[in-house]
>>> print(open('work-v5.cif').read())   # mmCIF, C-alpha atoms
data_work
loop_
_atom_site.label_atom_id
_atom_site.label_comp_id
_atom_site.auth_asym_id
_atom_site.auth_seq_id
_atom_site.Cartn_x
_atom_site.Cartn_y
_atom_site.Cartn_z
CA MET P 4 1.97 4.54 -7.76
CA ARG P 5 4.64 7.17 -8.34
CA LEU P 6 7.74 6.77 -6.22
CA ALA P 7 9.36 9.77 -4.56
CA GLU P 8 12.77 10.59 -6.02
CA HIS P 9 14.50 9.31 -2.88
CA ASP P 10 12.67 5.97 -3.04
CA GLY P 11 13.13 5.63 -6.79
CA LYS P 12 16.86 6.21 -6.54
CA ARG P 13 17.20 3.72 -3.70
CA LEU P 14 15.51 1.13 -5.90
CA LEU P 15 17.88 1.90 -8.78
CA HIS P 16 20.87 1.70 -6.43
CA GLN P 17 19.72 -1.74 -5.27
CA HIS P 18 19.90 -2.83 -8.90
CA GLY P 19 23.42 -1.47 -9.34
CA VAL P 20 22.65 1.85 -11.04
CA ALA P 21 24.93 4.71 -9.93
CA ILE P 22 23.23 7.60 -8.09
CA PRO P 23 24.62 10.67 -6.26
CA ARG P 24 25.37 10.35 -2.56
CA GLY P 25 22.53 11.82 -0.55
CA THR P 26 20.52 11.77 2.64
CA LEU P 27 16.88 12.39 3.52
CA LEU P 28 16.37 15.22 6.00
CA HIS P 29 13.34 15.69 8.23
CA ALA P 30 14.92 18.33 10.46
CA ALA P 31 16.93 21.48 9.82
CA PRO P 32 20.24 20.81 8.05
CA ALA P 33 23.65 21.57 9.53
CA LYS P 34 24.99 25.06 8.78
CA ASP P 35 27.93 23.66 6.85
CA ALA P 36 25.80 21.33 4.69
CA GLN P 37 26.48 21.66 0.98
CA GLY P 38 24.84 20.21 -2.10
CA ILE P 39 21.45 20.19 -3.79
CA PHE P 40 18.27 20.42 -1.72
CA LYS P 41 15.28 18.74 -3.40
CA ALA P 42 11.71 18.76 -2.18
CA GLN P 43 10.18 15.27 -2.19
CA VAL P 44 6.85 15.72 -3.94
CA LEU P 45 4.99 13.47 -6.37
CA GLU P 46 4.73 15.93 -9.23
CA GLY P 47 7.11 17.48 -11.70
CA GLY P 48 8.16 21.08 -12.22
CA ARG P 49 10.05 21.35 -8.94
CA GLY P 50 12.79 23.51 -10.42
CA LYS P 51 10.32 26.06 -11.78
CA ARG P 52 8.68 26.27 -8.35
CA GLY P 53 11.96 26.85 -6.52
CA LEU P 54 11.85 23.44 -4.86
CA VAL P 55 15.30 22.39 -6.07
CA ARG P 56 18.11 24.68 -4.91
CA ARG P 57 21.85 24.46 -4.49
CA SER P 58 23.43 25.32 -1.15
CA MET P 59 26.94 26.53 -0.43
CA THR P 60 28.54 26.68 3.02
CA GLY P 61 26.31 28.57 5.47
CA GLU P 62 23.31 28.70 3.15
CA ALA P 63 21.70 25.36 4.01
CA PRO P 64 19.34 26.35 6.87
CA PRO P 65 17.68 29.30 5.09
CA ILE P 66 17.44 27.40 1.79
CA ALA P 67 15.81 24.41 3.46
CA ALA P 68 13.43 26.72 5.33
CA ALA P 69 12.49 28.52 2.10
CA ILE P 70 11.67 25.26 0.31
CA ARG P 71 9.58 24.05 3.23
CA ALA P 72 7.78 27.38 3.40
CA ALA P 73 6.92 27.06 -0.28
CA LEU P 74 5.50 23.62 0.46
CA GLY P 75 3.60 24.92 3.49
CA ASP P 76 5.13 22.25 5.71
CA GLU P 77 7.89 23.03 8.20
CA THR P 78 8.81 19.35 8.52
CA ALA P 79 8.60 18.36 4.84
CA PRO P 80 11.27 15.77 3.94
CA LEU P 81 14.09 17.11 1.77
CA LEU P 82 16.67 15.15 -0.16
CA LEU P 83 20.16 16.63 0.19
CA GLU P 84 22.51 15.32 -2.51
CA GLU P 85 26.06 15.98 -3.50
CA ALA P 86 26.46 18.31 -6.46
CA VAL P 87 27.63 16.06 -9.28
CA PRO P 88 29.97 17.66 -11.86
CA MET P 89 28.41 16.79 -15.20
CA ALA P 90 30.18 17.06 -18.52
CA ARG P 91 26.88 16.34 -20.28
CA GLU P 92 23.21 15.81 -19.46
CA ILE P 93 21.33 13.00 -21.21
CA TYR P 94 17.67 11.99 -21.15
CA LEU P 95 17.03 8.24 -20.86
CA ALA P 96 13.69 6.57 -20.18
CA LEU P 97 11.87 3.27 -20.49
CA ARG P 98 8.11 3.10 -20.57
CA ILE P 99 5.32 0.68 -21.34
CA ASP P 100 3.92 1.36 -24.82
CA GLY P 101 0.33 0.24 -24.41
CA THR P 102 -0.39 0.42 -28.13
CA ALA P 103 2.56 -1.70 -29.26
CA GLN P 104 2.44 -3.82 -26.08
CA CYS P 105 6.18 -3.55 -25.51
CA ILE P 106 8.82 -1.67 -23.55
CA GLU P 107 9.88 1.47 -25.39
CA LEU P 108 13.29 3.11 -25.03
CA LEU P 109 13.42 6.90 -25.30
CA CYS P 110 16.67 8.85 -25.31
CA ALA P 111 17.80 12.38 -26.15
CA PRO P 112 21.36 13.69 -26.47
CA GLU P 113 20.44 16.57 -24.14
CA GLY P 114 18.32 16.32 -20.99
CA GLY P 115 16.09 19.00 -19.52
CA VAL P 116 12.51 20.15 -19.18
CA GLU P 117 10.07 19.22 -21.98
CA VAL P 118 12.68 16.93 -23.52
CA GLU P 119 10.03 14.23 -24.08
CA HIS P 120 8.68 16.38 -26.91
CA ALA P 121 12.01 17.19 -28.52
CA ALA P 122 12.45 16.49 -32.22
CA SER P 123 15.77 14.75 -31.48
CA LEU P 124 14.19 12.09 -29.26
CA LEU P 125 15.42 8.62 -30.22
CA ARG P 126 12.98 5.71 -29.84
CA CYS P 127 12.93 1.94 -30.23
CA GLY P 128 11.20 -1.08 -28.76
CA ILE P 129 13.34 -3.10 -26.37
CA GLU P 130 12.56 -6.65 -25.23
CA PRO P 131 15.07 -7.56 -22.48
CA GLU P 132 15.46 -11.23 -23.42
CA ALA P 133 15.04 -11.01 -27.19
CA PRO P 134 17.98 -12.11 -29.41
CA GLY P 135 19.93 -9.11 -30.66
CA VAL P 136 18.28 -6.65 -28.25
CA LEU P 137 21.57 -4.95 -27.43
CA GLU P 138 22.34 -4.45 -31.11
CA THR P 139 18.85 -3.01 -31.68
CA ALA P 140 19.27 -0.49 -28.87
CA TYR P 141 22.76 0.42 -30.07
CA ALA P 142 21.52 1.06 -33.62
CA ALA P 143 18.84 3.43 -32.33
CA LEU P 144 21.22 5.30 -30.02
CA ARG P 145 24.00 5.54 -32.60
CA ALA P 146 21.94 8.17 -34.40
CA GLY P 147 22.62 10.65 -31.58
CA PHE P 148 25.81 9.50 -29.87
CA ALA P 149 29.39 8.55 -30.61
CA PRO P 150 29.93 4.77 -30.91
CA ASP P 151 31.50 4.25 -27.47
CA LEU P 152 28.85 6.24 -25.60
CA ALA P 153 26.04 4.69 -27.66
CA ALA P 154 27.27 1.22 -26.68
CA ARG P 155 27.41 2.13 -22.98
CA LEU P 156 23.94 3.69 -23.09
CA ALA P 157 22.57 0.59 -24.84
CA ARG P 158 23.90 -1.63 -22.03
CA LEU P 159 22.42 0.69 -19.40
CA ALA P 160 19.10 0.81 -21.25
CA LEU P 161 18.94 -3.01 -21.27
CA ARG P 162 19.60 -3.07 -17.52
CA LEU P 163 16.89 -0.47 -16.94
CA ALA P 164 14.43 -2.43 -19.09
CA ARG P 165 14.96 -5.45 -16.86
CA ILE P 166 14.46 -3.30 -13.77
CA LEU P 167 11.24 -1.91 -15.24
CA ARG P 168 9.97 -5.42 -15.91
CA ASP P 169 11.06 -6.96 -12.59
CA GLU P 170 9.77 -4.03 -10.51
CA ASP P 171 6.43 -3.79 -12.39
CA LEU P 172 7.05 -0.21 -13.49
CA ASP P 173 5.06 1.68 -16.11
CA LEU P 174 7.76 4.32 -16.39
CA LEU P 175 11.44 4.59 -15.48
CA GLU P 176 12.79 8.01 -16.44
CA ILE P 177 16.25 9.43 -15.71
CA ASN P 178 16.52 13.14 -16.47
CA PRO P 179 19.24 14.04 -16.36
CA LEU P 180 21.48 11.06 -16.71
CA GLY P 181 24.80 12.72 -15.94
CA LEU P 182 27.90 11.92 -17.94
CA LEU P 183 30.76 12.80 -15.59
CA PRO P 184 34.19 14.02 -16.70
CA ASP P 185 35.65 10.63 -15.72
CA GLY P 186 33.17 8.86 -18.02
CA ARG P 187 30.78 7.54 -15.37
CA LEU P 188 27.01 7.63 -15.96
CA VAL P 189 25.02 8.72 -12.89
CA ALA P 190 21.24 8.94 -12.44
CA CYS P 191 20.99 12.52 -11.14
CA ASP P 192 17.19 12.60 -11.11
CA ALA P 193 14.70 9.79 -11.51
CA LYS P 194 10.96 9.34 -11.91
CA LEU P 195 9.60 5.83 -11.37
CA VAL P 196 5.92 4.92 -11.63
CA ARG P 197 4.74 1.47 -10.52
CA ASP P 198 1.72 -0.25 -12.05
CA ASP P 199 -1.09 0.04 -9.49
CA SER P 200 -2.29 -3.48 -10.27
CA ALA P 201 1.10 -4.86 -9.18
CA VAL P 202 1.44 -2.90 -5.94
CA PHE P 203 0.48 -5.97 -3.90
CA ARG P 204 3.73 -7.63 -5.01
CA HIS P 205 5.93 -4.87 -3.59
CA ALA P 206 6.23 -3.25 -0.19
CA ALA P 207 5.25 0.40 -0.60
CA PRO P 208 8.18 2.68 0.37
CA ALA P 209 7.17 4.64 3.47
CA LEU P 210 7.99 8.06 2.04
CA SER P 211 6.15 7.52 -1.24
CA ALA P 212 3.12 6.06 0.55
CA ALA P 213 2.98 9.01 2.96
CA LEU P 214 3.27 11.55 0.14
CA GLU P 215 0.59 9.78 -1.89
CA ASP P 216 -1.78 9.75 1.07
CA ALA P 217 -1.12 13.41 1.86
CA ALA P 218 -1.90 14.37 -1.74
CA LEU P 219 -5.43 12.92 -1.59
CA THR P 220 -8.40 15.24 -1.18
CA PRO P 221 -10.87 14.36 1.61
CA LEU P 222 -13.27 12.99 -1.01
CA GLU P 223 -10.54 10.90 -2.68
CA ARG P 224 -9.52 9.52 0.71
CA ARG P 225 -13.11 8.60 1.57
CA ALA P 226 -13.53 6.84 -1.78
CA ARG P 227 -10.38 4.83 -1.13
CA ASP P 228 -11.72 3.77 2.26
CA GLN P 229 -15.01 2.75 0.63
CA GLY P 230 -13.23 0.51 -1.86
CA PHE P 231 -12.92 2.45 -5.11
CA GLN P 232 -10.60 5.03 -6.61
CA LEU P 233 -11.63 8.59 -7.30
CA VAL P 234 -9.58 11.40 -8.77
CA GLU P 235 -10.92 14.94 -8.67
CA LEU P 236 -10.16 16.94 -11.82
CA GLU P 237 -9.91 20.71 -11.87
CA GLY P 238 -12.05 22.68 -14.28
CA GLY P 239 -14.55 19.90 -14.95
CA THR P 240 -18.22 20.53 -15.67
CA VAL P 241 -19.53 16.94 -15.52
CA ALA P 242 -19.56 14.67 -12.46
CA MET P 243 -18.74 11.34 -14.11
CA ILE P 244 -19.63 7.94 -12.64
CA THR P 245 -17.99 4.93 -14.27
CA ALA P 246 -16.41 1.62 -13.26
CA GLY P 247 -13.23 0.36 -14.88
CA ALA P 248 -10.19 2.33 -16.00
CA GLY P 249 -10.60 1.67 -19.74
CA LEU P 250 -14.23 2.72 -19.81
CA GLY P 251 -13.50 5.73 -17.63
CA MET P 252 -10.68 6.92 -19.89
CA LEU P 253 -12.90 6.51 -22.96
CA MET P 254 -15.63 8.67 -21.47
CA LEU P 255 -13.06 11.15 -20.17
CA ASP P 256 -11.77 11.67 -23.71
CA LEU P 257 -15.23 11.86 -25.26
CA LEU P 258 -16.35 14.50 -22.76
CA ALA P 259 -13.21 16.56 -23.34
CA ASP P 260 -13.71 16.39 -27.11
CA ALA P 261 -17.28 17.60 -26.63
CA GLY P 262 -16.11 20.63 -24.65
CA CYS P 263 -17.53 19.49 -21.30
CA PRO P 264 -14.61 18.01 -19.35
CA ALA P 265 -15.16 15.59 -16.48
CA ALA P 266 -14.82 16.81 -12.90
CA CYS P 267 -13.75 13.40 -11.64
CA PHE P 268 -12.53 9.95 -12.66
CA MET P 269 -13.52 6.70 -10.95
CA ASP P 270 -12.07 3.21 -11.11
CA ASN P 271 -12.43 -0.14 -9.37
CA ALA P 272 -9.92 -0.83 -6.60
CA ASN P 273 -8.03 -4.11 -6.48
CA GLY P 274 -9.73 -6.33 -3.92
CA GLY P 275 -12.52 -3.81 -3.40
CA PRO P 276 -16.20 -4.66 -2.78
CA ALA P 277 -18.33 -5.90 -5.66
CA GLU P 278 -20.85 -3.07 -5.36
CA THR P 279 -19.92 0.55 -4.72
CA MET P 280 -22.53 2.31 -6.84
CA PRO P 281 -24.33 4.08 -3.96
CA ASP P 282 -21.01 5.41 -2.70
CA ARG P 283 -19.99 6.48 -6.21
CA LEU P 284 -23.28 8.30 -6.64
CA ALA P 285 -22.88 10.05 -3.30
CA ALA P 286 -19.38 11.21 -4.23
CA ALA P 287 -20.55 12.41 -7.65
CA PHE P 288 -23.45 14.33 -6.08
CA GLU P 289 -21.03 16.10 -3.74
CA ILE P 290 -18.98 17.14 -6.74
CA ALA P 291 -22.14 18.12 -8.63
CA ALA P 292 -23.06 20.54 -5.83
CA ARG P 293 -20.23 22.81 -7.01
CA PRO P 294 -21.48 25.70 -9.14
CA GLU P 295 -19.13 24.97 -12.06
CA VAL P 296 -20.49 21.42 -12.43
CA LYS P 297 -23.57 21.40 -14.65
CA ALA P 298 -24.52 17.73 -15.08
CA ILE P 299 -24.02 14.19 -13.79
CA MET P 300 -23.21 11.32 -16.14
CA PHE P 301 -23.46 7.61 -15.34
CA PHE P 302 -22.15 5.01 -17.78
CA THR P 303 -21.60 1.29 -17.45
CA THR P 304 -21.48 -1.86 -19.58
CA LEU P 305 -23.25 -5.16 -18.93
CA ALA P 306 -22.42 -8.51 -20.49
CA SER P 307 -24.27 -11.28 -18.65
CA ARG P 308 -25.46 -9.42 -15.56
CA GLY P 309 -29.14 -8.55 -15.97
CA LEU P 310 -30.08 -5.01 -16.98
CA LYS P 311 -33.10 -5.01 -14.68
CA ALA P 312 -30.98 -5.65 -11.58
CA ARG P 313 -28.69 -2.77 -12.48
CA VAL P 314 -31.59 -0.40 -13.23
CA ASP P 315 -33.40 -1.36 -10.01
CA ALA P 316 -30.27 -0.69 -7.97
CA LEU P 317 -29.68 2.64 -9.69
CA ALA P 318 -33.31 3.68 -9.30
CA ALA P 319 -33.28 2.79 -5.59
CA ALA P 320 -30.14 4.83 -5.03
CA LEU P 321 -31.62 7.82 -6.86
CA ARG P 322 -34.87 7.64 -4.91
CA ALA P 323 -32.86 7.70 -1.68
CA ASN P 324 -30.66 10.55 -2.89
CA PRO P 325 -32.30 12.51 -5.75
CA PRO P 326 -29.86 14.26 -8.12
CA THR P 327 -29.56 18.04 -7.88
CA LYS P 328 -28.31 18.53 -11.46
CA PRO P 329 -29.39 16.93 -14.78
CA PHE P 330 -28.61 13.20 -14.51
CA LEU P 331 -27.93 11.36 -17.78
CA ALA P 332 -27.22 7.65 -17.94
CA GLY P 333 -25.71 5.24 -20.41
CA ILE P 334 -25.86 1.46 -20.27
CA ALA P 335 -24.37 -0.65 -23.04
CA ALA P 336 -25.99 -4.05 -22.47
CA GLY P 337 -25.38 -7.31 -24.30
CA HIS P 338 -28.15 -9.68 -25.41
CA ALA P 339 -27.92 -11.78 -22.26
CA ALA P 340 -28.31 -8.69 -20.06
CA LEU P 341 -31.42 -7.59 -21.97
CA ARG P 342 -33.26 -10.90 -21.56
CA GLY P 343 -36.83 -10.18 -20.40
CA TYR P 344 -36.21 -6.47 -19.82
CA PRO P 345 -35.90 -4.22 -22.89
CA LEU P 346 -34.04 -0.93 -22.93
CA ASP P 347 -37.26 1.04 -23.47
CA GLN P 348 -38.58 -0.27 -20.14
CA ALA P 349 -35.29 0.70 -18.48
CA ARG P 350 -35.68 4.24 -19.89
CA ALA P 351 -39.19 4.53 -18.46
CA ASP P 352 -38.17 3.20 -15.04
CA LEU P 353 -35.19 5.55 -14.79
CA ALA P 354 -37.17 8.54 -16.07
CA ALA P 355 -39.53 7.98 -13.12
CA VAL P 356 -36.65 8.70 -10.70
CA GLY P 357 -35.33 11.79 -12.47
CA VAL P 358 -32.91 10.44 -15.08
CA ALA P 359 -33.01 12.92 -17.96
CA ALA P 360 -31.89 10.43 -20.62
CA LEU P 361 -30.70 6.84 -21.05
CA HIS P 362 -28.54 5.89 -24.04
CA ASP P 363 -26.81 2.68 -25.03
CA ASN P 364 -24.25 4.44 -27.24
CA PRO P 365 -21.49 6.45 -25.49
CA HIS P 366 -21.35 9.03 -28.29
CA ASP P 367 -25.11 9.69 -28.04
CA LEU P 368 -24.78 9.95 -24.26
CA VAL P 369 -21.97 12.49 -24.46
CA ARG P 370 -23.89 14.58 -26.98
CA ALA P 371 -26.85 14.65 -24.59
CA VAL P 372 -24.57 15.57 -21.68
CA ALA P 373 -23.00 18.40 -23.70
CA ALA P 374 -26.46 19.77 -24.50
CA ALA P 375 -27.41 19.67 -20.80
CA VAL P 376 -24.19 21.45 -19.80
CA ARG P 377 -24.81 24.23 -22.31
CA GLY P 378 -28.35 24.63 -20.98
#
>>> encode(input="work-v5.cif", output="structure tokens")
Amino acid sequence: MRLAEHDGKRLLHQHGVAIPRGTLLHAAPAKDAQGIFKAQVLEGGRGKRGLVRRSMTGEAPPIAAAIRAALGDETAPLLLEEAVPMAREIYLALRIDGTAQCIELLCAPEGGVEVEHAASLLRCGIEPEAPGVLETAYAALRAGFAPDLAARLARLALRLARILRDEDLDLLEINPLGLLPDGRLVACDAKLVRDDSAVFRHAAPALSAALEDAALTPLERRARDQGFQLVELEGGTVAMITAGAGLGMLMLDLLADAGCPAACFMDNANGGPAETMPDRLAAAFEIAARPEVKAIMFFTTLASRGLKARVDALAAALRANPPTKPFLAGIAAGHAALRGYPLDQARADLAAVGVAALHDNPHDLVRAVAAAVRG
């Protein structure tokens, strides 16, 4: 869950991190209001879209109205903050490095757009309670900052790493971190993303929850109500049905590499029902009805659950709702799942209900899907 800037900054403030003074506006601002107006949306690039604008005396009402018009919402919440005089802008972020299984510190001497890809980006792993962690962070930051500032940034980075851990965040990014003329460090903008699997441990901020709900498409909202997660993807040519984030991401990448990107992504929801396959199929078929979508792909893995039960359920769902585009399936089944029901029999049973192909290897499945997409 991504937190709105207002909610993310409030969380940082609760942990003692300095932020600009500001207020959340739902109505028109006073004529004499001054500062920075910021649209509260859950995506980046606000500055390029004219959704972050500075107001001088007398300019506030038309500026707020212009931002809301760009959003298409006359009552959209806007954050009005004081304009902070910055002597320098710095990029500072902590994120979960899934490959190294650690918290990674990222810092750049200059903040700004696309800074994450800058050649001057400083990196190091940071374990909040490890011996010598402060010295490790300082050594990494010393490559881009004077000793005094590097030491202060190292202490702030350690505090942020503890916040990231305690608040179950995947990402805590401050861009820019403002260095003021008096030496203070202020988080002038912040992006915080909370691990979805830990949301149950934290009360969802009202603004962020409302923005997240408003951003859902009707199909995504229906999937949520049915107990699974669905994300519609623009430009996709394959309606993809999977269960599990890791498996879904694997197939997403394989389809993209094959030149037939997925039109959707599906995942299990925490606490959701055990069986959502008919609902997943129905959602995928709705997506497949779009002219740009050329095929439907189903892929799952089975360890101990019997292959026959899965095939019977899939066949029943397809008989009730026959696919309108080529339907290709993949099932990677372990030895226990195959007991008494070989894959060749599964292929025959699924072919009888319109499944164009059944593979047990994801690479073979994607190659078959790519061939179907190309006609």
>>> closest_residue(input="work-v5.cif", among="P:Leu236, P:Ala351, P:Leu81, P:Val372", to="Phe302 of chain P", atoms="all atoms listed in the file")
P:Val372
>>> residues_around(input="work-v5.cif", residues="Ala217 of chain P", least_positions_apart="6", cutoff="12 Å", atoms="all atoms listed in the file", output="MDAnalysis selection string")
chainID P and resid 44:45 76 79 210:211 223:224
>>> write_last_selection(input="work-v5.cif", atoms="C-alpha atoms", output="PDB file, in the coordinates of the input")
ATOM      1  CA  VAL P  44       6.850  15.720  -3.940  1.00  0.00           C
ATOM      2  CA  LEU P  45       4.990  13.470  -6.370  1.00  0.00           C
ATOM      3  CA  ASP P  76       5.130  22.250   5.710  1.00  0.00           C
ATOM      4  CA  ALA P  79       8.600  18.360   4.840  1.00  0.00           C
ATOM      5  CA  LEU P 210       7.990   8.060   2.040  1.00  0.00           C
ATOM      6  CA  SER P 211       6.150   7.520  -1.240  1.00  0.00           C
ATOM      7  CA  GLU P 223     -10.540  10.900  -2.680  1.00  0.00           C
ATOM      8  CA  ARG P 224      -9.520   9.520   0.710  1.00  0.00           C
TER       9      ARG P 224
END
>>> residues_near_point(input="work-v5.cif", point="(-11.9, 0.8, -4.4)", cutoff="12 Å", atoms="all atoms listed in the file", output="PyMOL selection string")
chain P and resi 199+223-234+246-248+269-280+282-283
>>> resolve_selection(input="work-v5.cif", expression="the PyMOL selection byres ((chain P and resi 266) around 12)", output="ChimeraX atom specification")
/P:233-244,254-255,258-259,263-265,267-269,286-300
>>> residues_around(input="work-v5.cif", residues="Glu176 of chain P", least_positions_apart="4", cutoff="6 Å", atoms="only C-alpha atoms", output="short mmCIF file (atom, residue, chain, number, x, y, z; two decimals) with C-alpha atoms, in the coordinates of the input")
data_model
loop_
_atom_site.label_atom_id
_atom_site.label_comp_id
_atom_site.auth_asym_id
_atom_site.auth_seq_id
_atom_site.Cartn_x
_atom_site.Cartn_y
_atom_site.Cartn_z
CA ALA P 96 13.69 6.57 -20.18
CA ALA P 193 14.70 9.79 -11.51
CA LYS P 194 10.96 9.34 -11.91
#
>>> resolve_selection(input="work-v5.cif", expression="the PyMOL selection byres ((chain P and resi 127-129) around 6)", output="PyMOL selection string")
chain P and resi 106-108+126+130
>>> resolve_selection(input="work-v5.cif", expression="the PyMOL selection byres ((chain P and resi 365-369) around 10)", output="ChimeraX atom specification")
/P:250,253-255,257-261,263,300-303,331-335,360-364,370-375
